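Below: one structure, written as structure tokens.
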Amino acid sequence: AEHFKFEENTFDLVYSNGVIHHTPNTKKIVENIYHYLKKGGEVKCMFYAESSINFYLNLFYRNKFLIDYFNTLPVPYVLSKNAELSENDASPIVEVYSKERLRELFKKFKNIKITKHQLLKNEVPFFFRFIPKKIIEMFFGWNYVIKAVK
């Protein structure tokens, strides 16, 4: 996606579900998306959210992230070792994003809408389970979905 060679204004829609945050140059990909979209075309992409229950519980608590963190390993490295598991011990690039970072990445677009999704029932701490999942998901969901228009 960093090196695609399509004509400008080719696509009505660009959709990516959990891919772009595994690439070395996310900014270049978003620039390409803008370049290849037709005027009025839509982009819909999912990115990992840095403020999520999954991120905090799995990395800080369950996978002893704090030990690695205080040994000054970069967050993407720790994420690749703990959040994205593979059968062949590969370590993919893993980035997490804030709403602010996503807005900055997509600043050329208009009608930007960012929502947070995906939270499994077992990820919600017991003492918060009385709150409807949709509400907790808005604050602690694992994924941001960004929708925007060129």
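A note on labels: chains of the structure tokens are A, B, ... as shown, every chain counts residues from 1, and ligands are counted from 1 in their shown order.
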
Skip region 25-32 of chain A itself and residues of its chain fewer than 2 positions away, then list as a list in words all residues within 8 Å of it, counting only C-alpha atoms. Ala1, Glu2, Phe4, Ile20, His21, Thr23, Tyr34, His35, Tyr36, Leu105 and Phe106 of chain A

Which residues are near Val19 (chain A)? Cut-off 10 Å, only C-alpha atoms, ignore same chain within fewer than 6 positions. Put them as a ChimeraX atom specification. /A:1,26,45-48,94

Just-selected residues, N, CA, C and O atoms written as a PDB file, in the first residue's frame:
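Written output follows (part30.pdb):
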ATOM      1  N   ALA A   1       0.820  -1.201   0.000  1.00  0.00           N
ATOM      2  CA  ALA A   1       0.000   0.000   0.000  1.00  0.00           C
ATOM      3  C   ALA A   1       0.860   1.260   0.000  1.00  0.00           C
ATOM      4  O   ALA A   1       0.406   2.301  -0.415  1.00  0.00           O
ATOM      5  N   THR A  26       2.704   4.371   7.882  1.00  0.00           N
ATOM      6  CA  THR A  26       1.256   4.582   7.872  1.00  0.00           C
ATOM      7  C   THR A  26       0.899   5.911   7.211  1.00  0.00           C
ATOM      8  O   THR A  26      -0.066   5.993   6.456  1.00  0.00           O
ATOM      9  N   CYS A  45     -11.353   2.777   7.799  1.00  0.00           N
ATOM     10  CA  CYS A  45     -10.193   2.025   8.277  1.00  0.00           C
ATOM     11  C   CYS A  45     -10.308   1.737   9.767  1.00  0.00           C
ATOM     12  O   CYS A  45     -10.835   2.552  10.523  1.00  0.00           O
ATOM     13  N   MET A  46      -9.771   0.598  10.175  1.00  0.00           N
ATOM     14  CA  MET A  46      -9.719   0.237  11.588  1.00  0.00           C
ATOM     15  C   MET A  46      -8.275   0.275  12.045  1.00  0.00           C
ATOM     16  O   MET A  46      -7.374  -0.189  11.350  1.00  0.00           O
ATOM     17  N   PHE A  47      -8.062   0.874  13.221  1.00  0.00           N
ATOM     18  CA  PHE A  47      -6.745   0.962  13.855  1.00  0.00           C
ATOM     19  C   PHE A  47      -6.873   0.519  15.301  1.00  0.00           C
ATOM     20  O   PHE A  47      -7.902   0.736  15.933  1.00  0.00           O
ATOM     21  N   TYR A  48      -5.826  -0.035  15.859  1.00  0.00           N
ATOM     22  CA  TYR A  48      -5.825  -0.367  17.283  1.00  0.00           C
ATOM     23  C   TYR A  48      -5.840   0.923  18.103  1.00  0.00           C
ATOM     24  O   TYR A  48      -5.125   1.877  17.787  1.00  0.00           O
ATOM     25  N   VAL A  94       3.466  -3.251  15.145  1.00  0.00           N
ATOM     26  CA  VAL A  94       2.165  -3.000  15.757  1.00  0.00           C
ATOM     27  C   VAL A  94       2.165  -1.587  16.322  1.00  0.00           C
ATOM     28  O   VAL A  94       2.990  -1.255  17.162  1.00  0.00           O
TER      29      VAL A  94
END

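Comparing the minimum interatomic distances between Ser51 (chain A) and each of A:Phe109, A:Phe126, A:Phe11, A:Tyr144, counting only C-alpha atoms, we find that A:Tyr144 sits nearest.
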
Taking only C-alpha atoms into account, which of A:Ile131, A:Ile112, A:Ile136, A:Leu102 comes nearest Glu42 (chain A)? A:Ile112

Long-range neighbours of Asn9 (chain A) as a PyMOL selection string, 10 Å cut-off, only C-alpha atoms, 6 positions minimum in chain: chain A and resi 33-41+150

Taking 4 positions as the minimum chain separation for residues in the same chain, which residues sit within 6 Å of Lys116 (chain A) when counting only C-alpha atoms? Answer as a list in words. Met138, Gly141, Asn143 and Tyr144 of chain A

Gap from CA of Leu120 (chain A) to CA of Phe139 (chain A) - Å, one decimal: 13.4 Å

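With CA of His22 (chain A) on one side and CA of Tyr97 (chain A) on the other, the separation reads 11.8 Å.
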
Give me the residues within 10 Å of Phe140 (chain A) as a PyMOL selection string, counting only C-alpha atoms and dropping any in the same chain fewer than 2 places off. chain A and resi 49-56+116-119+123-124+133-138+142-143

Take the residues from that selection and write them out as a short mmCIF file (atom, residue, chain, number, x, y, z; two decimals), in the first residue's frame, keeping N, CA and C atoms.
data_model
loop_
_atom_site.label_atom_id
_atom_site.label_comp_id
_atom_site.auth_asym_id
_atom_site.auth_seq_id
_atom_site.Cartn_x
_atom_site.Cartn_y
_atom_site.Cartn_z
N ALA A 49 -6.62 0.92 19.17
CA ALA A 49 -6.73 2.09 20.05
C ALA A 49 -5.76 1.95 21.21
N GLU A 50 -5.03 3.02 21.48
CA GLU A 50 -4.08 2.96 22.59
C GLU A 50 -4.76 3.03 23.95
N SER A 51 -5.94 3.61 24.04
CA SER A 51 -6.66 3.66 25.32
C SER A 51 -7.78 2.63 25.27
N SER A 52 -7.41 1.39 25.55
CA SER A 52 -8.39 0.31 25.51
C SER A 52 -8.14 -0.65 26.66
N ILE A 53 -9.19 -1.31 27.08
CA ILE A 53 -9.02 -2.31 28.14
C ILE A 53 -8.07 -3.40 27.67
N ASN A 54 -8.20 -3.83 26.43
CA ASN A 54 -7.33 -4.87 25.90
C ASN A 54 -5.87 -4.44 25.99
N PHE A 55 -5.58 -3.24 25.56
CA PHE A 55 -4.20 -2.74 25.61
C PHE A 55 -3.68 -2.71 27.04
N TYR A 56 -4.45 -2.09 27.94
CA TYR A 56 -3.97 -1.94 29.32
C TYR A 56 -3.91 -3.26 30.07
N LYS A 116 -15.16 4.11 18.53
CA LYS A 116 -14.42 3.02 19.16
C LYS A 116 -15.33 1.81 19.26
N HIS A 117 -14.76 0.63 19.00
CA HIS A 117 -15.53 -0.62 18.95
C HIS A 117 -14.74 -1.76 19.56
N GLN A 118 -15.36 -2.90 19.60
CA GLN A 118 -14.84 -4.22 19.97
C GLN A 118 -14.38 -4.30 21.42
N LEU A 119 -15.21 -4.92 22.17
CA LEU A 119 -14.89 -5.21 23.56
C LEU A 119 -15.62 -6.49 23.91
N GLU A 123 -13.54 -9.19 28.81
CA GLU A 123 -12.54 -8.15 28.98
C GLU A 123 -13.01 -7.04 29.93
N VAL A 124 -14.31 -6.99 30.16
CA VAL A 124 -14.86 -5.97 31.05
C VAL A 124 -14.69 -6.43 32.49
N LYS A 133 -22.53 -2.65 27.57
CA LYS A 133 -21.26 -2.87 26.86
C LYS A 133 -20.98 -1.77 25.85
N LYS A 134 -21.99 -1.30 25.16
CA LYS A 134 -21.82 -0.25 24.14
C LYS A 134 -21.22 1.02 24.74
N ILE A 135 -21.60 1.32 25.97
CA ILE A 135 -21.08 2.53 26.62
C ILE A 135 -19.62 2.32 27.01
N ILE A 136 -19.30 1.19 27.61
CA ILE A 136 -17.92 0.92 27.99
C ILE A 136 -17.04 0.85 26.74
N GLU A 137 -17.59 0.27 25.68
CA GLU A 137 -16.86 0.14 24.42
C GLU A 137 -16.42 1.50 23.88
N MET A 138 -17.27 2.52 24.05
CA MET A 138 -16.94 3.86 23.57
C MET A 138 -15.66 4.40 24.21
N TRP A 142 -11.23 -1.86 21.81
CA TRP A 142 -9.91 -2.18 21.31
C TRP A 142 -9.61 -1.49 19.98
N ASN A 143 -10.63 -1.15 19.20
CA ASN A 143 -10.40 -0.61 17.86
C ASN A 143 -11.06 0.74 17.66
#

Find the residue from A:Val14, A:Val43, A:Ile114, A:Ile93 that sits nearest to Val145 (chain A); use only C-alpha atoms when measuring. A:Ile114

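Between CA of Phe130 (chain A) and CA of Lys113 (chain A) lies a distance of 27.9 Å.
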